[in-house]
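Here is the file input_16.tsv (TSV, C-alpha atoms).
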chain	number	residue	atom	x	y	z
T	1	MET	CA	-3.96	-26.17	0.67
T	2	GLU	CA	-3.33	-23.91	3.69
T	3	GLU	CA	-6.36	-22.46	5.51
T	4	ILE	CA	-5.57	-18.87	4.50
T	5	GLU	CA	-4.92	-19.86	0.90
T	6	LYS	CA	-8.20	-21.76	0.79
T	7	LEU	CA	-10.17	-18.92	2.38
T	8	TYR	CA	-8.93	-16.31	-0.08
T	9	THR	CA	-9.16	-18.58	-3.11
T	10	GLU	CA	-12.72	-19.60	-2.30
T	11	SER	CA	-13.60	-15.90	-1.87
T	12	GLY	CA	-12.37	-15.23	-5.41
T	13	GLY	CA	-8.81	-14.05	-4.87
T	14	ARG	CA	-6.07	-15.37	-7.12
T	15	PHE	CA	-2.56	-16.37	-6.06
T	16	VAL	CA	-0.65	-15.71	-9.26
T	17	THR	CA	2.53	-16.44	-7.37
T	18	PRO	CA	2.16	-19.74	-5.47
T	19	TYR	CA	1.09	-19.28	-1.87
T	20	TYR	CA	4.27	-20.53	-0.19
T	21	GLU	CA	6.48	-18.54	-2.55
T	22	LEU	CA	4.52	-15.37	-1.78
T	23	LYS	CA	4.73	-16.10	1.94
T	24	ASN	CA	8.51	-16.36	1.66
T	25	LYS	CA	8.74	-13.11	-0.32
T	26	CYS	CA	6.84	-11.31	2.44
T	27	LYS	CA	9.56	-12.17	4.95
T	28	HIS	CA	11.87	-9.67	3.25
T	29	ILE	CA	9.43	-6.74	3.13
T	30	LYS	CA	10.37	-3.52	4.93
T	31	ALA	CA	8.07	-1.01	3.24
T	32	PHE	CA	4.52	-0.70	1.93
T	33	VAL	CA	3.82	1.60	-1.01
T	34	PHE	CA	0.34	2.33	-2.34
T	35	ASP	CA	-1.19	3.83	-5.44
T	36	TRP	CA	-4.20	6.00	-4.55
T	37	ASP	CA	-6.86	6.28	-7.27
T	38	GLY	CA	-8.57	2.99	-8.04
T	39	VAL	CA	-6.94	1.40	-5.00
T	40	PHE	CA	-8.31	3.25	-1.96
T	41	ASN	CA	-11.38	4.19	-4.01
T	42	ASP	CA	-13.14	3.33	-7.28
T	43	GLY	CA	-11.15	5.88	-9.29
T	44	GLN	CA	-13.95	8.40	-9.74
T	45	LYS	CA	-12.82	12.02	-9.39
T	46	THR	CA	-14.43	15.34	-8.55
T	47	ALA	CA	-13.97	18.46	-10.66
T	48	THR	CA	-11.06	19.47	-8.41
T	49	GLY	CA	-9.38	16.08	-8.77
T	50	GLY	CA	-10.38	14.75	-5.37
T	51	SER	CA	-11.25	11.15	-4.48
T	52	ASN	CA	-12.10	9.46	-1.19
T	53	PHE	CA	-11.03	6.56	1.02
T	54	SER	CA	-12.69	4.17	3.46
T	55	GLU	CA	-12.10	3.78	7.19
T	56	VAL	CA	-12.18	0.03	6.56
T	57	ASP	CA	-9.11	0.28	4.33
T	58	SER	CA	-7.50	2.77	6.70
T	59	MET	CA	-7.75	0.30	9.57
T	60	GLY	CA	-6.26	-2.34	7.29
T	61	THR	CA	-3.12	-0.30	6.72
T	62	ASN	CA	-2.82	0.33	10.44
T	63	LEU	CA	-3.17	-3.34	11.37
T	64	LEU	CA	-0.69	-4.30	8.66
T	65	ARG	CA	1.95	-1.94	10.03
T	66	TYR	CA	1.32	-3.20	13.56
T	67	SER	CA	1.79	-6.78	12.34
T	68	TRP	CA	5.21	-5.90	10.95
T	69	TYR	CA	6.05	-3.92	14.09
T	70	LEU	CA	5.35	-7.00	16.22
T	71	LYS	CA	7.69	-9.07	14.08
T	72	ASN	CA	10.48	-6.53	13.60
T	73	GLY	CA	10.27	-4.01	16.45
T	74	ALA	CA	10.14	-1.06	14.07
T	75	ILE	CA	7.50	0.85	12.14
T	76	PRO	CA	7.65	-0.12	8.45
T	77	LEU	CA	8.04	2.60	5.85
T	78	THR	CA	4.79	3.61	4.16
T	79	ALA	CA	4.15	5.85	1.15
T	80	ILE	CA	1.58	6.80	-1.45
T	81	ILE	CA	2.61	7.46	-5.04
T	82	SER	CA	-0.04	9.19	-7.12
T	83	GLY	CA	-0.07	10.55	-10.62
T	84	GLU	CA	-2.45	13.27	-9.48
T	85	LYS	CA	-2.72	15.89	-6.75
T	86	ASN	CA	-5.31	14.89	-4.19
T	87	GLU	CA	-5.81	16.67	-0.86
T	88	THR	CA	-7.63	13.65	0.57
T	89	ALA	CA	-4.51	11.57	0.02
T	90	PHE	CA	-2.48	14.28	1.80
T	91	TYR	CA	-4.92	14.18	4.72
T	92	PHE	CA	-4.79	10.38	4.83
T	93	CYS	CA	-0.99	10.33	4.97
T	94	GLU	CA	-0.96	12.96	7.71
T	95	ARG	CA	-3.61	11.27	9.82
T	96	GLU	CA	-2.23	7.75	9.43
T	97	GLY	CA	1.41	8.61	9.99
T	98	PHE	CA	2.64	7.64	6.53
T	99	HIS	CA	6.19	8.69	5.71
T	100	TYR	CA	5.85	9.98	2.15
T	101	SER	CA	3.19	11.34	-0.19
T	102	PHE	CA	4.22	11.67	-3.84
T	103	PHE	CA	1.88	13.48	-6.21
T	104	LYS	CA	1.84	14.49	-9.86
T	105	ILE	CA	4.41	11.78	-10.62
T	106	GLY	CA	3.67	10.58	-14.14
T	107	ASN	CA	6.55	8.11	-14.24
T	108	LYS	CA	6.18	6.45	-10.86
T	109	ILE	CA	9.43	4.52	-11.04
T	110	GLU	CA	11.18	7.81	-10.32
T	111	ALA	CA	9.43	7.99	-6.96
T	112	LEU	CA	10.30	4.38	-6.20
T	113	ASN	CA	13.96	4.97	-7.00
T	114	PHE	CA	13.89	8.07	-4.81
T	115	ILE	CA	12.49	6.10	-1.86
T	116	CYS	CA	15.04	3.31	-2.25
T	117	LYS	CA	17.96	5.72	-2.38
T	118	LYS	CA	16.74	7.87	0.51
T	119	GLU	CA	15.89	4.92	2.76
T	120	ASN	CA	18.70	2.62	1.62
T	121	ILE	CA	16.38	-0.24	0.76
T	122	GLN	CA	15.96	-2.43	-2.30
T	123	PRO	CA	12.81	-2.64	-4.46
T	124	SER	CA	12.63	-6.33	-3.49
T	125	GLN	CA	11.95	-5.16	0.09
T	126	ILE	CA	8.84	-3.20	-0.93
T	127	ALA	CA	5.25	-4.41	-1.19
T	128	TYR	CA	3.27	-2.43	-3.77
T	129	PHE	CA	-0.51	-2.11	-4.06
T	130	PHE	CA	-1.72	-1.03	-7.51
T	131	ASP	CA	-4.41	-1.24	-10.16
T	132	ASP	CA	-3.50	0.25	-13.54
T	133	VAL	CA	-1.01	0.91	-16.32
T	134	LEU	CA	0.84	3.80	-14.66
T	135	ASP	CA	1.82	1.44	-11.87
T	136	LEU	CA	3.46	-1.28	-13.92
T	137	PRO	CA	7.07	-0.01	-13.88
T	138	VAL	CA	6.90	-0.01	-10.06
T	139	ALA	CA	5.15	-3.39	-9.94
T	140	GLU	CA	7.84	-4.83	-12.19
T	141	SER	CA	10.51	-3.82	-9.66
T	142	CYS	CA	8.95	-4.53	-6.26
T	143	GLY	CA	9.25	-7.69	-4.22
T	144	VAL	CA	5.53	-8.19	-3.51
T	145	ARG	CA	2.82	-6.93	-5.92
T	146	ILE	CA	-0.84	-6.78	-4.93
T	147	GLN	CA	-3.17	-5.90	-7.81
T	148	VAL	CA	-6.63	-4.50	-7.13
T	149	ASN	CA	-8.97	-6.31	-9.48
T	150	GLN	CA	-11.27	-3.81	-11.20
T	151	LYS	CA	-13.01	-6.64	-13.12
T	152	ALA	CA	-13.60	-4.37	-16.14
T	153	ASN	CA	-10.15	-5.01	-17.59
T	154	PRO	CA	-9.65	-8.77	-18.13
T	155	LEU	CA	-7.08	-8.21	-20.89
T	156	PHE	CA	-5.03	-5.99	-18.60
T	157	VAL	CA	-5.22	-8.56	-15.81
T	158	GLU	CA	-4.10	-11.24	-18.26
T	159	TYR	CA	-1.20	-9.04	-19.35
T	160	CYS	CA	-0.05	-8.55	-15.76
T	161	GLU	CA	-0.24	-12.25	-15.02
T	162	LYS	CA	1.49	-13.27	-18.25
T	163	ASN	CA	4.33	-10.81	-17.65
T	164	LYS	CA	4.72	-11.71	-13.96
T	165	LEU	CA	3.79	-8.24	-12.70
T	166	VAL	CA	1.44	-9.42	-9.94
T	167	ASP	CA	1.62	-11.87	-7.06
T	168	TYR	CA	-1.94	-11.69	-5.76
T	169	LEU	CA	-5.10	-10.42	-7.47
T	170	THR	CA	-7.83	-9.25	-5.10
T	171	TYR	CA	-11.45	-10.39	-5.30
T	172	SER	CA	-12.58	-6.94	-4.11
T	173	LYS	CA	-12.69	-3.95	-6.43
T	174	GLY	CA	-11.22	-0.53	-5.73
T	175	GLY	CA	-13.66	1.31	-3.49
T	176	GLU	CA	-14.96	-1.98	-2.09
T	177	PHE	CA	-12.30	-2.56	0.58
T	178	ALA	CA	-9.66	-4.20	-1.60
T	179	ILE	CA	-6.91	-2.69	0.55
T	180	ARG	CA	-8.39	-4.21	3.69
T	181	GLU	CA	-8.52	-7.57	1.91
T	182	ALA	CA	-4.89	-7.32	0.89
T	183	CYS	CA	-3.68	-6.06	4.26
T	184	GLU	CA	-5.37	-8.90	6.14
T	185	LEU	CA	-3.86	-11.37	3.69
T	186	LEU	CA	-0.34	-10.07	4.36
T	187	ILE	CA	-0.95	-10.13	8.10
T	188	GLY	CA	-2.04	-13.76	7.74
T	189	LEU	CA	1.12	-14.54	5.79
T	190	ASN	CA	3.05	-12.85	8.60
T	191	GLU	CA	1.55	-15.45	10.95
T	192	ASN	CA	0.37	-13.11	13.71
T	193	PHE	CA	-3.20	-12.19	12.75
T	194	ASP	CA	-4.82	-13.31	16.03
T	195	GLU	CA	-2.20	-11.48	18.09
T	196	VAL	CA	-2.68	-8.30	16.05
T	197	ILE	CA	-6.47	-8.33	16.46
T	198	THR	CA	-6.40	-9.28	20.14
T	199	ASN	CA	-3.90	-6.55	21.00
T	200	ARG	CA	-5.89	-3.97	19.07
T	201	LYS	CA	-9.16	-5.14	20.69
T	202	ASN	CA	-7.67	-4.83	24.16
T	203	TYR	CA	-5.72	-1.67	23.35
T	204	SER	CA	-2.73	-3.44	24.85
T	205	GLN	CA	0.38	-1.68	26.07
T	206	ASN	CA	2.28	-3.05	23.11
T	207	TYR	CA	-0.27	-1.63	20.69
T	208	THR	CA	-0.37	1.80	22.35
T	209	THR	CA	3.44	1.93	22.25
T	210	TYR	CA	3.31	1.13	18.54
T	211	LEU	CA	0.67	3.81	17.99
T	212	GLU	CA	2.74	6.44	19.79
T	213	LYS	CA	5.73	5.60	17.61
T	214	ARG	CA	3.61	5.56	14.45
T	215	ASN	CA	2.13	8.96	15.18
T	216	VAL	CA	5.53	10.58	15.59
T	217	SER	CA	5.95	10.32	11.83
T	218	LYS	CA	4.78	13.28	9.75
T	219	PRO	CA	4.68	12.81	5.99
T	220	GLU	CA	6.98	14.54	3.59
T	221	PHE	CA	5.37	15.68	0.34
T	222	PHE	CA	7.16	15.34	-2.98
T	223	THR	CA	6.41	16.13	-6.59
T	224	LEU	CA	8.29	16.36	-9.88
T	225	LYS	CA	9.68	19.77	-10.82
T	226	ASP	CA	11.89	20.29	-13.86
T	227	LYS	CA	12.41	16.52	-14.04
T	228	VAL	CA	13.65	16.40	-10.43
T	229	ILE	CA	11.73	15.09	-7.42
T	230	GLU	CA	11.56	17.88	-4.87
T	231	ASN	CA	10.23	18.25	-1.36
T	232	VAL	CA	7.18	20.51	-1.15
T	233	ASN	CA	5.96	22.38	1.93
T	234	LYS	CA	2.42	21.26	2.64
T	235	GLY	CA	1.27	24.85	2.99
T	236	SER	CA	2.38	25.59	-0.55
T	237	ILE	CA	0.10	22.89	-1.96
T	238	GLY	CA	-2.95	24.28	-0.21
T	239	PHE	CA	-3.08	21.56	2.41
T	240	LYS	CA	-3.55	22.47	6.04
T	241	MET	CA	-4.31	20.27	9.02
Now that the file is in, can you turn its structure into structure tokens?
Amino acid sequence: MEEIEKLYTESGGRFVTPYYELKNKCKHIKAFVFDWDGVFNDGQKTATGGSNFSEVDSMGTNLLRYSWYLKNGAIPLTAIISGEKNETAFYFCEREGFHYSFFKIGNKIEALNFICKKENIQPSQIAYFFDDVLDLPVAESCGVRIQVNQKANPLFVEYCEKNKLVDYLTYSKGGEFAIREACELLIGLNENFDEVITNRKNYSQNYTTYLEKRNVSKPEFFTLKDKVIENVNKGSIGFKM
């Protein structure tokens, strides 16, 4: 058993797809797509529909993108697909230089198909981070599927495993840094974890160049209108930054 595999397994993570097979699948990834509720947080909502995120998970997404930048010389595509409207998710995408923020998308596969067509990539080139039923059509299509383990739904977890809808099941719950766990795992599978951390620690020239390129990106916001995915001006959704 590899050191990384042993570390994550002993911590309680589950490699539904065998470790070496998952590692090989990661070599083809060009984009990272995330659900929001239950993934960056525990799924609890305010009266206005808001939910939070953690700086720990935020740093995870940044380090993950830097890892892929080191390997490929380009910033990987990043997006959030949410079934709800959440201004915190809008803020997160803006601050972190994500490319797309989809909201109020009940059938999330429509957003995935939109991304693939617009960016000329295949679903097999996308890693998807998810936790619940709305996410399954996307998980079924994507090349790498990371499921946040909420621990309250063992039958659902069993369903996902049985139907080959997940590659790795986290030991952390949503709201307890599951995204950081998953991001560090993928960096480890990318075989440059020490380089990523050292460069970030030293604020190296390579890292600052990456950061400058990352921050050039400003997210586009999309939602479903009359059964068509349309671009939405951020001012029209009440989001200002």
* Asked: Taking only C-alpha atoms into account, which of T:Glu158, T:Asp135, T:Glu140, T:Glu191 comes nearest T:Asp35?
  ->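 Checking each candidate against T:Asp35, we get T:Asp135 as the closest.
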* Atom pair atom CA of T:Arg214 / atom CA of T:Met59: separation (Å) ->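 Going from atom CA of T:Arg214 over to atom CA of T:Met59 covers 13.4 Å.
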* Of the candidates T:Ile80, T:Ala74, T:Val33, T:Leu169, which one gets nearest to T:Asp131 if we count only C-alpha atoms? -> T:Leu169
With stretch 192-208 of chain T as the partner and 9 Å as the cut-off, tabulate the residues of stretch 20-111 of chain T that qualify, each row holding the nearest pair of atoms and their distance in Å to one decimal, using only C-alpha atoms, sorted by chain and rising number, as JSON lines.
{"residue": "T:Leu63", "atom": "CA", "partner": "T:Val196", "partner_atom": "CA", "distance": 6.8}
{"residue": "T:Leu64", "atom": "CA", "partner": "T:Val196", "partner_atom": "CA", "distance": 8.6}
{"residue": "T:Tyr66", "atom": "CA", "partner": "T:Val196", "partner_atom": "CA", "distance": 6.9}
{"residue": "T:Ser67", "atom": "CA", "partner": "T:Val196", "partner_atom": "CA", "distance": 6.0}
{"residue": "T:Leu70", "atom": "CA", "partner": "T:Val196", "partner_atom": "CA", "distance": 8.1}
{"residue": "T:Lys71", "atom": "CA", "partner": "T:Asn192", "partner_atom": "CA", "distance": 8.4}
* Asked: Mind pulling up the distance from atom CA of T:Phe98 to atom CA of T:Asn24?
  ->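 These atoms are spaced 25.2 Å apart.
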